[in-house]
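A.B. asks: Here it is: the structure, laid out below.
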Amino acid sequence: MHAQNSADTDVRAEIQALRTEMRQEMEALRKEMREKDAEIERLRAEVEAHRGGTTSAPVTVAVAPRRNAEMTTATEAATHAGPPTPSAKEERKPVVAAASLKPVQGPDAIRYRGIEIRPTGFFAFESVFRSKSMSADINTPFLSTPYPGSELAHVREFSPSARQSRVGLLANGQFGGVKLSGYVETDFLGVGATSNNNLSNSYVMRIRQAFGQATWRRGLTLTAGQTWTLLTENAVGTDVRTETAPQNIDPAQHVGFSWSRQPGIRVQQRIGLHGTIAASLEQTETLYSGTNAPTNFFFAASGNGGGTYNPGAIYSNSSAPDVITKFAYDRGHTHTEVGGLMRFFMNRYYPSAGAGQNDTHVGGGFFVSTHVPVFRNFDVGAKMLMGYGVNRYSASGLPDVTVTPDGRLQPIRGAQGLLRVMYHATHKLDLFGYAGVEYAQRTYSANGAGTLVGYAPPTMNNTGCNVELPPTGNSGVSSGAIANCVGATRAVQAGSIGYQYRFYEGPHGRLQTSVVYTRLTRDGWTGIGGAPHAGNNMVFTSFRYVLP
């Protein structure tokens, strides 16, 4: 019993000794911190003296802790010396520089009522040179590549532009177990009624993306607003803002790349560790082309300005949204997607006898894509989409439908594919290449008189596609149109090579430059006069400052 009491006494004594030692160490730390604060104040006073006694902005002074390193001689001099005399002021400037003065860093995000707001975007100066004029800015209208019969095919064009500069905001918040996000993204590639290049280059801001999102802890995500279509390939899962758009500068993307940015609602759910399944309902639009078409139907109307549509654009009748589903699988650095698309085309036609009738046709297709690392720093990717009425998701804008002799719509079979390679040569330099193709099948039938009606019938007139004639009128302005040339497109192809070099990448953002060469070709279906062919060589340049 006596031994037990003695042991308890020893333990209490040790605990008391430890407490005393900890109090002493804490007091020593407090004293050391007070000394450092005093040193910082003396240095700040010294800086104010060098500036003439006024300070326009806060100054942060880096002071090394005593326990880690001794203060430099210059810092000690700045700390312990008295205020400088006028004759010694210039001599003491190097001493102040040696005090390791650093600017105060701003926050990574703006806090507003519990919401985190981050600015996004970049400021760009870019240009494009084309061997065949398309009367276009850096956004390439691929189907406007002129056949030899056009006067534009015999002149070149160079267009510098800052219009792809991008401004955006990302907002994140938390409500219980739900993460809430909102994102808006704009650029200046919109065109106003008075926009031109004559003096002020006053082009207008346009919406690219604007959506809200809610994500639950169990992996369920709901997104609503304008985003890239679910059909566009993602880098990870099916998450918005992870789309793998080509790096080729052209805002029209690349031939063979399947894309659109449009309003819709998307639901996605993670499955296990590697899978994600998603479905979306998205805005629809119908692209049409027809030769020898009857006049007893309509599928679209000009926009109503009072309804805030563009009166100069055509808007198709819509009976239902496009329906897209996708399954994505991620394993390591490999990403694979498979999915399907369903579309509904509606028009109104008027039979030879009786009143008008509505007519609806169903189109759609399937798509698959993957990107995989082949070896260190070298990635390969491929995507393919095919089906009926799927071409509005092509970069070139080939038609979805044509018309039958009785005035009903008929979906056109189409396909598009893109192969890409990426080599991360260094942490600053990327080299890349793309090869893409888009195709529209000729689709036609004969009316009662034996005339072929539809898309690219063999009897279409192509006699003028390769014959250059003087432009009509005397205004000196070319329309680019060719007489006696239907020239319905069979396929558009493009190959690109380029690089992106990042001069600087750090907490202040990124400075980067890029150059891309693209060879573009357009091949028409055979008609009377043969099958027309057009080619174009394009060189894009870009210099951007990207916000951190």
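Chain labels follow the order of the structure tokens: the first chain is A, the next B, and so on; residue numbering restarts at 1 in every chain, and ligands are counted from 1 in their shown order.
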Name the residues in contact with stretch 502-519 of chain A at a cut-off of 10 Å, using only C-alpha atoms, excluding same-chain residues fewer than 3 positions from it; report them as a VMD selection string.

C.D. replies: chain A and resid 105 108 122 to 130 247 to 250 254 427 to 435 493 to 499 535 to 548

A.B. asks: Can I get the selection written as a PDB file, in the first residue's frame, with C-alpha atoms?

C.D. replies:
ATOM      1  CA  GLN A 105      -1.916  38.762 -52.412  1.00  0.00           C
ATOM      2  CA  ASP A 108      -8.641  33.235 -54.475  1.00  0.00           C
ATOM      3  CA  PHE A 122      -9.060  35.110 -70.874  1.00  0.00           C
ATOM      4  CA  PHE A 123      -8.049  38.096 -72.996  1.00  0.00           C
ATOM      5  CA  ALA A 124      -7.068  37.166 -76.539  1.00  0.00           C
ATOM      6  CA  PHE A 125      -5.456  38.551 -79.657  1.00  0.00           C
ATOM      7  CA  GLU A 126      -5.873  36.104 -82.523  1.00  0.00           C
ATOM      8  CA  SER A 127      -5.770  35.966 -86.303  1.00  0.00           C
ATOM      9  CA  VAL A 128      -6.532  33.747 -89.280  1.00  0.00           C
ATOM     10  CA  PHE A 129      -5.091  33.628 -92.799  1.00  0.00           C
ATOM     11  CA  ARG A 130      -7.040  31.751 -95.478  1.00  0.00           C
ATOM     12  CA  GLN A 247      -7.199  23.213 -79.079  1.00  0.00           C
ATOM     13  CA  ASN A 248      -7.215  24.589 -82.611  1.00  0.00           C
ATOM     14  CA  ILE A 249      -8.208  28.246 -81.841  1.00  0.00           C
ATOM     15  CA  ASP A 250     -11.113  28.243 -84.348  1.00  0.00           C
ATOM     16  CA  HIS A 254     -12.976  21.253 -85.911  1.00  0.00           C
ATOM     17  CA  HIS A 427       5.256  21.107 -68.844  1.00  0.00           C
ATOM     18  CA  LYS A 428       5.025  24.269 -70.989  1.00  0.00           C
ATOM     19  CA  LEU A 429       4.671  22.869 -74.526  1.00  0.00           C
ATOM     20  CA  ASP A 430       1.863  20.785 -76.080  1.00  0.00           C
ATOM     21  CA  LEU A 431       1.917  19.457 -79.649  1.00  0.00           C
ATOM     22  CA  PHE A 432      -1.328  18.218 -81.192  1.00  0.00           C
ATOM     23  CA  GLY A 433      -2.989  17.028 -84.371  1.00  0.00           C
ATOM     24  CA  TYR A 434      -6.580  16.410 -85.534  1.00  0.00           C
ATOM     25  CA  ALA A 435      -8.167  14.657 -88.502  1.00  0.00           C
ATOM     26  CA  GLN A 493     -12.681  16.942 -94.291  1.00  0.00           C
ATOM     27  CA  ALA A 494      -9.991  18.727 -92.311  1.00  0.00           C
ATOM     28  CA  GLY A 495      -6.577  17.989 -90.842  1.00  0.00           C
ATOM     29  CA  SER A 496      -4.776  20.239 -88.370  1.00  0.00           C
ATOM     30  CA  ILE A 497      -1.423  20.394 -86.631  1.00  0.00           C
ATOM     31  CA  GLY A 498      -0.351  22.928 -84.040  1.00  0.00           C
ATOM     32  CA  TYR A 499       1.255  23.760 -80.730  1.00  0.00           C
ATOM     33  CA  GLY A 535      -9.817  23.294-100.729  1.00  0.00           C
ATOM     34  CA  ASN A 536      -8.532  25.905 -98.310  1.00  0.00           C
ATOM     35  CA  ASN A 537      -5.323  26.410 -96.328  1.00  0.00           C
ATOM     36  CA  MET A 538      -5.745  28.219 -93.024  1.00  0.00           C
ATOM     37  CA  VAL A 539      -3.235  29.417 -90.419  1.00  0.00           C
ATOM     38  CA  PHE A 540      -4.470  30.537 -86.999  1.00  0.00           C
ATOM     39  CA  THR A 541      -2.448  32.373 -84.358  1.00  0.00           C
ATOM     40  CA  SER A 542      -3.372  33.140 -80.765  1.00  0.00           C
ATOM     41  CA  PHE A 543      -1.916  35.006 -77.797  1.00  0.00           C
ATOM     42  CA  ARG A 544      -3.878  34.836 -74.544  1.00  0.00           C
ATOM     43  CA  TYR A 545      -3.662  35.931 -70.936  1.00  0.00           C
ATOM     44  CA  VAL A 546      -5.770  33.438 -68.984  1.00  0.00           C
ATOM     45  CA  LEU A 547      -7.125  34.422 -65.572  1.00  0.00           C
ATOM     46  CA  PRO A 548      -5.954  32.239 -62.650  1.00  0.00           C
TER      47      PRO A 548
END

A.B. asks: Would you mind listing what lies within 6 Å of stretch 274-284 of chain A as a count of residues only, with only C-alpha atoms counted and same-chain residues fewer than 3 positions away left out?

C.D. replies: 20

A.B. asks: Compile the contact shell of A:Val403 as a ChimeraX atom specification: residues with an atom at most 8 Å away, counting only C-alpha atoms, same-chain residues fewer than 5 positions apart removed.

C.D. replies: /A:289-290,293,408-410,453-455

A.B. asks: Quick one: write out the picked residues with N, CA and C atoms as a short mmCIF file (atom, residue, chain, number, x, y, z; two decimals), in the first residue's frame?

C.D. replies:
data_model
loop_
_atom_site.label_atom_id
_atom_site.label_comp_id
_atom_site.auth_asym_id
_atom_site.auth_seq_id
_atom_site.Cartn_x
_atom_site.Cartn_y
_atom_site.Cartn_z
N SER A 289 -32.07 20.97 -96.47
CA SER A 289 -31.60 21.27 -97.82
C SER A 289 -32.40 20.43 -98.80
N GLY A 290 -32.83 21.03 -99.92
CA GLY A 290 -33.60 20.29 -100.92
C GLY A 290 -33.48 20.90 -102.30
N ALA A 293 -37.56 21.16 -104.85
CA ALA A 293 -38.53 20.94 -103.77
C ALA A 293 -39.90 21.47 -104.14
N ARG A 408 -43.38 16.09 -97.61
CA ARG A 408 -43.07 15.57 -96.28
C ARG A 408 -41.56 15.56 -96.07
N LEU A 409 -41.12 15.67 -94.81
CA LEU A 409 -39.69 15.65 -94.51
C LEU A 409 -39.14 14.23 -94.53
N GLN A 410 -37.86 14.12 -94.86
CA GLN A 410 -37.19 12.82 -94.85
C GLN A 410 -35.80 13.00 -94.23
N VAL A 453 -36.38 14.73 -106.65
CA VAL A 453 -36.55 15.71 -105.58
C VAL A 453 -35.82 15.22 -104.34
N GLY A 454 -35.08 16.12 -103.67
CA GLY A 454 -34.43 15.75 -102.42
C GLY A 454 -33.05 16.37 -102.30
N TYR A 455 -32.18 15.69 -101.57
CA TYR A 455 -30.83 16.19 -101.32
C TYR A 455 -29.85 15.54 -102.29
#

A.B. asks: Please list as a list in words every residue within 12 Å of A:Gly192, counting only C-alpha atoms and excluding residues in the same chain fewer than 2 positions away.

C.D. replies: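 The filter keeps Phe188, Leu189, Gly190, Thr194, Ser195, Asn196, Asn201, Ser202, Tyr203, Val204, Met205, Arg206, Asn310 and Gly312 of chain A.
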
A.B. asks: Just the selected residues (N, CA and C atoms), exported as a PDB file, in the first residue's frame, please.

C.D. replies:
ATOM      1  N   PHE A 188     -17.339  37.690 -77.394  1.00  0.00           N
ATOM      2  CA  PHE A 188     -17.775  38.837 -78.189  1.00  0.00           C
ATOM      3  C   PHE A 188     -17.921  38.470 -79.662  1.00  0.00           C
ATOM      4  N   LEU A 189     -18.308  37.228 -79.917  1.00  0.00           N
ATOM      5  CA  LEU A 189     -18.486  36.754 -81.279  1.00  0.00           C
ATOM      6  C   LEU A 189     -19.919  36.931 -81.785  1.00  0.00           C
ATOM      7  N   GLY A 190     -20.711  37.692 -81.049  1.00  0.00           N
ATOM      8  CA  GLY A 190     -22.045  38.036 -81.531  1.00  0.00           C
ATOM      9  C   GLY A 190     -21.979  39.176 -82.532  1.00  0.00           C
ATOM     10  N   THR A 194     -25.370  46.985 -86.374  1.00  0.00           N
ATOM     11  CA  THR A 194     -24.421  47.980 -86.882  1.00  0.00           C
ATOM     12  C   THR A 194     -22.973  47.509 -86.815  1.00  0.00           C
ATOM     13  N   SER A 195     -22.736  46.240 -86.511  1.00  0.00           N
ATOM     14  CA  SER A 195     -21.361  45.746 -86.381  1.00  0.00           C
ATOM     15  C   SER A 195     -20.653  45.739 -87.735  1.00  0.00           C
ATOM     16  N   ASN A 196     -19.407  46.217 -87.750  1.00  0.00           N
ATOM     17  CA  ASN A 196     -18.580  46.191 -88.958  1.00  0.00           C
ATOM     18  C   ASN A 196     -17.133  46.423 -88.580  1.00  0.00           C
ATOM     19  N   ASN A 201     -15.116  48.580 -84.837  1.00  0.00           N
ATOM     20  CA  ASN A 201     -15.208  47.130 -84.617  1.00  0.00           C
ATOM     21  C   ASN A 201     -16.119  46.801 -83.444  1.00  0.00           C
ATOM     22  N   SER A 202     -17.318  47.359 -83.453  1.00  0.00           N
ATOM     23  CA  SER A 202     -18.217  47.242 -82.307  1.00  0.00           C
ATOM     24  C   SER A 202     -19.080  45.992 -82.419  1.00  0.00           C
ATOM     25  N   TYR A 203     -18.506  44.858 -82.101  1.00  0.00           N
ATOM     26  CA  TYR A 203     -19.265  43.617 -82.063  1.00  0.00           C
ATOM     27  C   TYR A 203     -19.825  43.425 -80.658  1.00  0.00           C
ATOM     28  N   VAL A 204     -20.743  42.491 -80.508  1.00  0.00           N
ATOM     29  CA  VAL A 204     -21.520  42.430 -79.270  1.00  0.00           C
ATOM     30  C   VAL A 204     -21.208  41.167 -78.484  1.00  0.00           C
ATOM     31  N   MET A 205     -21.449  41.277 -77.181  1.00  0.00           N
ATOM     32  CA  MET A 205     -21.265  40.133 -76.291  1.00  0.00           C
ATOM     33  C   MET A 205     -22.362  39.111 -76.536  1.00  0.00           C
ATOM     34  N   ARG A 206     -22.026  37.833 -76.450  1.00  0.00           N
ATOM     35  CA  ARG A 206     -23.013  36.779 -76.613  1.00  0.00           C
ATOM     36  C   ARG A 206     -22.868  35.766 -75.482  1.00  0.00           C
ATOM     37  N   ASN A 310     -34.183  36.466 -83.550  1.00  0.00           N
ATOM     38  CA  ASN A 310     -33.528  37.255 -84.592  1.00  0.00           C
ATOM     39  C   ASN A 310     -34.369  37.212 -85.867  1.00  0.00           C
ATOM     40  N   GLY A 312     -33.640  37.930 -88.752  1.00  0.00           N
ATOM     41  CA  GLY A 312     -32.855  37.494 -89.893  1.00  0.00           C
ATOM     42  C   GLY A 312     -32.512  36.019 -89.868  1.00  0.00           C
TER      43      GLY A 312
END

A.B. asks: Would you work out the distance separating atom CA of A:Ala415 from atom CA of A:Asp359, expressed in Å to one decimal?

C.D. replies: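 That distance, rounded to one decimal, is 24.8 Å.
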
A.B. asks: So what do you get for atom CA of A:Met386 versus atom CA of A:Phe344, distance-wise?

C.D. replies: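 Pair atom CA of A:Met386 / atom CA of A:Phe344 returns 16.1 Å.
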
A.B. asks: I need the residues in stretch 76-270 of chain A that are strand (DSSP E) according to DSSP; give them as an MDAnalysis selection string.

C.D. replies: chainID A and resid 101:102 110:112 115:130 157:161 166:175 178:190 204:216 220:228 261:270

A.B. asks: When you look at stretch 180-186 of chain A with a cut-off of 6 Å (counting only C-alpha atoms), what residues show up, excluding the ones that are within fewer than 2 positions of it in the same chain? I need them as a list in words.

C.D. replies: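 With the cut-off at 6 Å, the set is Arg166, Val167, Gly168, Leu169, Leu170, Ala171, Asn172, Gly173, Gln174, Arg206, Ile207, Arg208, Gln209, Ala210, Phe211, Gly212, Gln213 and Ala214 of chain A.
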
A.B. asks: Which of these, A:Thr426, A:Ser144, A:Thr286, A:Ser131, has the shortest distance to A:Asp400 once you count only C-alpha atoms?

C.D. replies: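 With only C-alpha atoms as the atom set, the closest residue is A:Thr286.
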
A.B. asks: Give me, please, the distance in Å between atom CA of A:Gly365 and atom CA of A:Ser394, quoted to one decimal.

C.D. replies: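 Interatomic distance, atom CA of A:Gly365 to atom CA of A:Ser394: 13.1 Å.
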